[in-house]
Amino acid sequence: MDINADVDPVDSEDSADEQELRLYRAKLWAGAERRLWHTSVEGTVGERLRELVDWAEREGHADGPVDMYGDGLVEEVERRVAEELGLPAAVFFPTGTMAQQVALRCWAGRTGNPVVALHPLAHPEVHEGGAFGAVSGLRTVHPTDAPRLPTAEEVRDHPEPFGALMLELPLREAGFVLPSWEELTEVVEAARERDAVVHFDGARLWESTTAFGRGLPEIAGLADSVYVSFYKSLGGLSGAALAGPEDVMEEARVWRHRYGGLVAQQYPAALSALRGLAVELPLLPSYVRHARVVAEAVREEFAAAGVGWSRVHPEVPHTHQFQVWLPYDPDVLSTAAAEQTEATGTALFRRWFGPGAAGPPGVAVTELTVTRPGLEWTAADVRAAVRDFLSRIEG
């Protein structure tokens with residue numbers, strides 16, 4: 001199942017009608033008067049750049065030099081990430097895919113074992129075209145296929161040796177789910193018992209502090225290395241960072257160059273990362289708390305409306321993102337969502353997707369996210385928007 005409610009992706013095989021529909025949806029969402037969240041691709045080039053320049057001028061970054069091959073602003077981002085995570089060093093990468101390739105390759109060289117244990121729904125398995133094996137000579141195994149992170153027992157009992165355990169926190173495709181803090185520490189301990197290193201895929205680690213009840217340094221401190229993203233929860237233009245021990249990060253810099261990631265100038269991405277760390281990171285706990293209000297209101301209105309089968313997953317969101325399931329064709333729900341936005345100026349749901357080959361027939365799923373604009377929605381606002389949406393399906 002490939003769910004991506006943040007972006008309506010371009011596909012080279014899309015028909016002209018499909019591409020026109022994609023552009024229509026993007027324009028519709030961007031122009032909505034009320035929404036729960038902003039996507040990373042909304043707005044024009046001019047709007048995004050002006051916003052970034054305005055922030056840079058306010059914070060004293062606008063008159064500084066541009067970077068060249070990873071100095072200047074890029075080094076500042078690396079220092080800031082290492083400080084936030086409480087780890088010795090960090091390295092800026094143009095993409096998370098590259099950062100994790102490099103991390104696991106470095107660890108394979110140290111452990112002598114190229115096998116990576118991870119979940120079959122983890123990002124490298126679902127969205128990266130088999131890059132671990134095709135590019136880095138790594139092989140993957142799956143301690144569990146349940147829609148959650150593996151347990152300590154599953155890690156201990158896996159029949160094949162592995163050099164690294166990779167944990168995606170939260171596991172996005174399963175509903176942005178996290179283990180409990182006790183479960184996480186037990187899983188890490190189980191990996192250590194097998195002499196495996198632990199790597200966190202922390203693309204969305206920033207917003208996991210509320211559910212764990214722990215700060216970022218304590219969470220990141222469980223792992224040998226951590227990857228974080230700047231363009232997802234922090235709203236950056238692009239970019240990622242890999243953090244961990246000094247010697248591993250020095251080797252990561254070598255591999256970054258070999259993989260083509262030593263970009264001449266990245267100051268727009270680095271500047272937007274600094275803005276995200278300064279502006280969005282402190283707000284994430286409030287987004288998580290309000291996502292729970294939104295999820296409860298959605299669930300209550302589905303029940304009040306007598307929807308035959310529905311699901312908000314998790315019932316209490318672990319982060320500021322969660323799944324919503326309804327028993328309709330995804331095209332019907334996507335059309336109703338677009339009609340609601342066009343008629344009322346309110347963007348509640350966006351694109352809906354089928355459940356994938358392994359899912360039950362006749363249902364569809366979407367993702368809801370709560371960011372700054374969503375904080376203005378009361379539970380009553382959410383319920384009213386859900387009622388209006390349902391009326392457009394049944395009407």
# chains A, B, ... in the order shown; residues from 1 in each chain; ligands from 1

$ select_by_dssp --residues "stretch 18-240 of chain A" --states "helix (DSSP H, G or I)" --output "VMD selection string"
chain A and resid 18 to 30 45 to 59 73 to 85 96 to 111 123 to 127 131 to 136 152 to 157 172 to 174 181 to 193 205 to 212 216 to 220

$ residues_around --residues "A:Val77" --least-positions-apart "2" --cutoff "12 Å" --atoms "only C-alpha atoms" --output "MDAnalysis selection string"
chainID A and resid 67 70:75 79:84 89:93 228:230 239:243 266:278

$ write_last_selection --atoms "C-alpha atoms" --output "PDB file, in the first residue's frame"
ATOM      1  CA  ASP A  67      27.955  27.377   1.397  1.00  0.00           C
ATOM      2  CA  GLY A  70      29.236  21.497   2.872  1.00  0.00           C
ATOM      3  CA  ASP A  71      30.643  24.430   4.783  1.00  0.00           C
ATOM      4  CA  GLY A  72      28.871  27.498   6.213  1.00  0.00           C
ATOM      5  CA  LEU A  73      25.131  27.010   6.714  1.00  0.00           C
ATOM      6  CA  VAL A  74      25.423  23.270   6.125  1.00  0.00           C
ATOM      7  CA  GLU A  75      27.893  22.950   8.990  1.00  0.00           C
ATOM      8  CA  ARG A  79      25.952  21.205  14.629  1.00  0.00           C
ATOM      9  CA  ARG A  80      22.347  21.990  15.471  1.00  0.00           C
ATOM     10  CA  VAL A  81      21.143  18.456  14.708  1.00  0.00           C
ATOM     11  CA  ALA A  82      23.914  16.885  16.794  1.00  0.00           C
ATOM     12  CA  GLU A  83      22.924  19.173  19.679  1.00  0.00           C
ATOM     13  CA  GLU A  84      19.189  18.431  19.364  1.00  0.00           C
ATOM     14  CA  ALA A  89      28.300  14.437  15.207  1.00  0.00           C
ATOM     15  CA  ALA A  90      25.936  14.796  12.257  1.00  0.00           C
ATOM     16  CA  VAL A  91      26.281  14.900   8.470  1.00  0.00           C
ATOM     17  CA  PHE A  92      23.958  16.740   6.076  1.00  0.00           C
ATOM     18  CA  PHE A  93      22.635  14.721   3.114  1.00  0.00           C
ATOM     19  CA  VAL A 228      16.241  12.631  10.509  1.00  0.00           C
ATOM     20  CA  SER A 229      14.425  14.488   7.745  1.00  0.00           C
ATOM     21  CA  PHE A 230      13.991  18.230   7.294  1.00  0.00           C
ATOM     22  CA  GLY A 239      17.525  17.426   2.960  1.00  0.00           C
ATOM     23  CA  ALA A 240      18.291  15.054   5.796  1.00  0.00           C
ATOM     24  CA  ALA A 241      20.934  14.407   8.411  1.00  0.00           C
ATOM     25  CA  LEU A 242      22.665  11.323   9.732  1.00  0.00           C
ATOM     26  CA  ALA A 243      23.920  11.473  13.314  1.00  0.00           C
ATOM     27  CA  GLN A 266      22.749  23.684  -0.625  1.00  0.00           C
ATOM     28  CA  TYR A 267      22.095  26.911   1.243  1.00  0.00           C
ATOM     29  CA  PRO A 268      18.349  27.119   0.444  1.00  0.00           C
ATOM     30  CA  ALA A 269      17.786  23.609   1.824  1.00  0.00           C
ATOM     31  CA  ALA A 270      20.111  24.217   4.777  1.00  0.00           C
ATOM     32  CA  LEU A 271      18.460  27.534   5.575  1.00  0.00           C
ATOM     33  CA  SER A 272      15.003  25.961   5.445  1.00  0.00           C
ATOM     34  CA  ALA A 273      16.254  23.201   7.770  1.00  0.00           C
ATOM     35  CA  LEU A 274      17.418  25.802  10.281  1.00  0.00           C
ATOM     36  CA  ARG A 275      14.056  27.532  10.020  1.00  0.00           C
ATOM     37  CA  GLY A 276      12.255  24.232  10.649  1.00  0.00           C
ATOM     38  CA  LEU A 277      14.377  23.489  13.691  1.00  0.00           C
ATOM     39  CA  ALA A 278      13.735  26.959  15.084  1.00  0.00           C
TER      40      ALA A 278
END

$ closest_atom_pairs --of "stretch 170-248 of chain A" --to "stretch 361-367 of chain A" --cutoff "12 Å" --atoms "only C-alpha atoms" --output "tab-separated table"
residue	atom	partner	partner_atom	distance
A:Arg172	CA	A:Glu367	CA	10.0
A:Glu173	CA	A:Glu367	CA	10.0
A:Ala174	CA	A:Glu367	CA	11.1
A:Gly175	CA	A:Glu367	CA	8.3
A:Phe176	CA	A:Glu367	CA	9.6

$ closest_residue --among "A:Leu222, A:Ala99, A:Ala211, A:Ala56" --to "A:Pro179" --atoms "only C-alpha atoms"
A:Ala211

$ closest_residue --among "A:Leu118, A:Leu184, A:Ala152, A:Val288" --to "A:Ala223" --atoms "only C-alpha atoms"
A:Leu184

$ closest_residue --among "A:Pro285, A:Gly43, A:Gly306, A:Pro65" --to "A:Arg214" --atoms "only C-alpha atoms"
A:Pro285

$ decode --residues "stretch 183-307 of chain A" --atoms "C-alpha atoms" --output "mmCIF file, in the first residue's frame"
data_model
loop_
_atom_site.group_PDB
_atom_site.id
_atom_site.type_symbol
_atom_site.label_atom_id
_atom_site.label_comp_id
_atom_site.auth_asym_id
_atom_site.auth_seq_id
_atom_site.Cartn_x
_atom_site.Cartn_y
_atom_site.Cartn_z
ATOM 1 C CA GLU A 183 9.028 -2.007 24.250
ATOM 2 C CA LEU A 184 11.566 0.138 22.409
ATOM 3 C CA THR A 185 14.248 -0.259 25.051
ATOM 4 C CA GLU A 186 13.655 -4.011 25.168
ATOM 5 C CA VAL A 187 13.974 -4.303 21.376
ATOM 6 C CA VAL A 188 17.232 -2.357 21.403
ATOM 7 C CA GLU A 189 18.559 -4.578 24.197
ATOM 8 C CA ALA A 190 17.584 -7.690 22.224
ATOM 9 C CA ALA A 191 19.540 -6.451 19.205
ATOM 10 C CA ARG A 192 22.568 -5.747 21.376
ATOM 11 C CA GLU A 193 22.392 -9.289 22.732
ATOM 12 C CA ARG A 194 22.843 -10.448 19.145
ATOM 13 C CA ASP A 195 25.833 -8.104 18.655
ATOM 14 C CA ALA A 196 23.827 -6.066 16.151
ATOM 15 C CA VAL A 197 23.959 -2.300 15.872
ATOM 16 C CA VAL A 198 20.722 -0.293 16.004
ATOM 17 C CA HIS A 199 19.818 2.383 13.462
ATOM 18 C CA PHE A 200 16.744 4.578 13.760
ATOM 19 C CA ASP A 201 14.947 5.663 10.607
ATOM 20 C CA GLY A 202 13.806 8.886 12.244
ATOM 21 C CA ALA A 203 12.297 10.676 9.267
ATOM 22 C CA ARG A 204 9.512 11.615 11.681
ATOM 23 C CA LEU A 205 11.395 11.138 14.936
ATOM 24 C CA TRP A 206 10.967 14.817 15.814
ATOM 25 C CA GLU A 207 7.303 14.327 16.740
ATOM 26 C CA SER A 208 7.788 11.105 18.730
ATOM 27 C CA THR A 209 8.714 12.757 22.016
ATOM 28 C CA THR A 210 5.112 13.168 23.216
ATOM 29 C CA ALA A 211 4.215 9.482 22.921
ATOM 30 C CA PHE A 212 7.482 8.327 24.479
ATOM 31 C CA GLY A 213 7.429 10.948 27.198
ATOM 32 C CA ARG A 214 11.159 11.421 26.608
ATOM 33 C CA GLY A 215 13.332 14.101 25.058
ATOM 34 C CA LEU A 216 15.113 13.683 21.744
ATOM 35 C CA PRO A 217 18.556 12.995 23.289
ATOM 36 C CA GLU A 218 17.202 10.141 25.392
ATOM 37 C CA ILE A 219 15.391 8.626 22.417
ATOM 38 C CA ALA A 220 18.283 9.029 19.982
ATOM 39 C CA GLY A 221 20.710 7.825 22.636
ATOM 40 C CA LEU A 222 19.272 4.311 22.388
ATOM 41 C CA ALA A 223 20.573 3.940 18.823
ATOM 42 C CA ASP A 224 24.028 3.717 17.274
ATOM 43 C CA SER A 225 22.950 6.071 14.488
ATOM 44 C CA VAL A 226 19.879 8.122 13.639
ATOM 45 C CA TYR A 227 18.576 9.620 10.409
ATOM 46 C CA VAL A 228 16.241 12.631 10.509
ATOM 47 C CA SER A 229 14.425 14.488 7.745
ATOM 48 C CA PHE A 230 13.991 18.230 7.294
ATOM 49 C CA TYR A 231 11.220 18.388 4.688
ATOM 50 C CA LYS A 232 8.544 16.282 6.364
ATOM 51 C CA SER A 233 7.506 17.481 9.810
ATOM 52 C CA LEU A 234 9.846 20.492 9.791
ATOM 53 C CA GLY A 235 8.615 21.867 6.458
ATOM 54 C CA GLY A 236 12.039 22.262 4.860
ATOM 55 C CA LEU A 237 12.676 22.331 1.136
ATOM 56 C CA SER A 238 14.654 19.077 1.185
ATOM 57 C CA GLY A 239 17.525 17.426 2.960
ATOM 58 C CA ALA A 240 18.291 15.054 5.796
ATOM 59 C CA ALA A 241 20.934 14.407 8.411
ATOM 60 C CA LEU A 242 22.665 11.323 9.732
ATOM 61 C CA ALA A 243 23.920 11.473 13.314
ATOM 62 C CA GLY A 244 26.104 9.178 15.373
ATOM 63 C CA PRO A 245 29.695 8.560 16.508
ATOM 64 C CA GLU A 246 32.469 10.815 15.183
ATOM 65 C CA ASP A 247 34.354 8.045 13.376
ATOM 66 C CA VAL A 248 31.240 6.690 11.677
ATOM 67 C CA MET A 249 30.208 10.179 10.590
ATOM 68 C CA GLU A 250 33.679 10.804 9.132
ATOM 69 C CA GLU A 251 33.318 7.654 7.046
ATOM 70 C CA ALA A 252 29.777 8.747 6.129
ATOM 71 C CA ARG A 253 31.234 11.938 4.640
ATOM 72 C CA VAL A 254 33.475 9.847 2.395
ATOM 73 C CA TRP A 255 30.568 7.724 1.230
ATOM 74 C CA ARG A 256 28.364 10.795 0.762
ATOM 75 C CA HIS A 257 30.878 12.021 -1.809
ATOM 76 C CA ARG A 258 31.048 8.610 -3.499
ATOM 77 C CA TYR A 259 27.258 8.457 -3.728
ATOM 78 C CA GLY A 260 27.123 11.882 -5.374
ATOM 79 C CA GLY A 261 25.777 13.694 -2.333
ATOM 80 C CA LEU A 262 28.506 16.308 -1.906
ATOM 81 C CA VAL A 263 26.493 19.047 -3.596
ATOM 82 C CA ALA A 264 28.265 22.308 -4.452
ATOM 83 C CA GLN A 265 25.685 24.584 -2.827
ATOM 84 C CA GLN A 266 22.749 23.684 -0.625
ATOM 85 C CA TYR A 267 22.095 26.911 1.243
ATOM 86 C CA PRO A 268 18.349 27.119 0.444
ATOM 87 C CA ALA A 269 17.786 23.609 1.824
ATOM 88 C CA ALA A 270 20.111 24.217 4.777
ATOM 89 C CA LEU A 271 18.460 27.534 5.575
ATOM 90 C CA SER A 272 15.003 25.961 5.445
ATOM 91 C CA ALA A 273 16.254 23.201 7.770
ATOM 92 C CA LEU A 274 17.418 25.802 10.281
ATOM 93 C CA ARG A 275 14.056 27.532 10.020
ATOM 94 C CA GLY A 276 12.255 24.232 10.649
ATOM 95 C CA LEU A 277 14.377 23.489 13.691
ATOM 96 C CA ALA A 278 13.735 26.959 15.084
ATOM 97 C CA VAL A 279 10.069 27.426 14.170
ATOM 98 C CA GLU A 280 8.379 24.049 13.692
ATOM 99 C CA LEU A 281 10.235 21.765 16.083
ATOM 100 C CA PRO A 282 9.027 23.561 19.249
ATOM 101 C CA LEU A 283 5.426 23.373 18.000
ATOM 102 C CA LEU A 284 5.318 19.639 17.255
ATOM 103 C CA PRO A 285 4.100 18.599 20.726
ATOM 104 C CA SER A 286 1.100 20.926 20.340
ATOM 105 C CA TYR A 287 0.371 19.372 16.939
ATOM 106 C CA VAL A 288 0.451 15.883 18.469
ATOM 107 C CA ARG A 289 -1.873 16.867 21.290
ATOM 108 C CA HIS A 290 -4.363 18.463 18.913
ATOM 109 C CA ALA A 291 -4.231 15.518 16.522
ATOM 110 C CA ARG A 292 -5.762 13.496 19.343
ATOM 111 C CA VAL A 293 -8.630 15.987 19.584
ATOM 112 C CA VAL A 294 -9.162 15.788 15.814
ATOM 113 C CA ALA A 295 -9.023 11.980 15.758
ATOM 114 C CA GLU A 296 -11.577 11.674 18.527
ATOM 115 C CA ALA A 297 -13.936 14.115 16.787
ATOM 116 C CA VAL A 298 -13.652 12.221 13.490
ATOM 117 C CA ARG A 299 -14.351 8.916 15.207
ATOM 118 C CA GLU A 300 -17.319 10.332 17.148
ATOM 119 C CA GLU A 301 -18.908 11.801 14.038
ATOM 120 C CA PHE A 302 -18.522 8.545 12.104
ATOM 121 C CA ALA A 303 -20.321 6.780 14.952
ATOM 122 C CA ALA A 304 -23.063 9.428 15.157
ATOM 123 C CA ALA A 305 -23.607 9.230 11.403
ATOM 124 C CA GLY A 306 -23.986 5.453 11.560
ATOM 125 C CA VAL A 307 -21.204 4.712 9.110
#
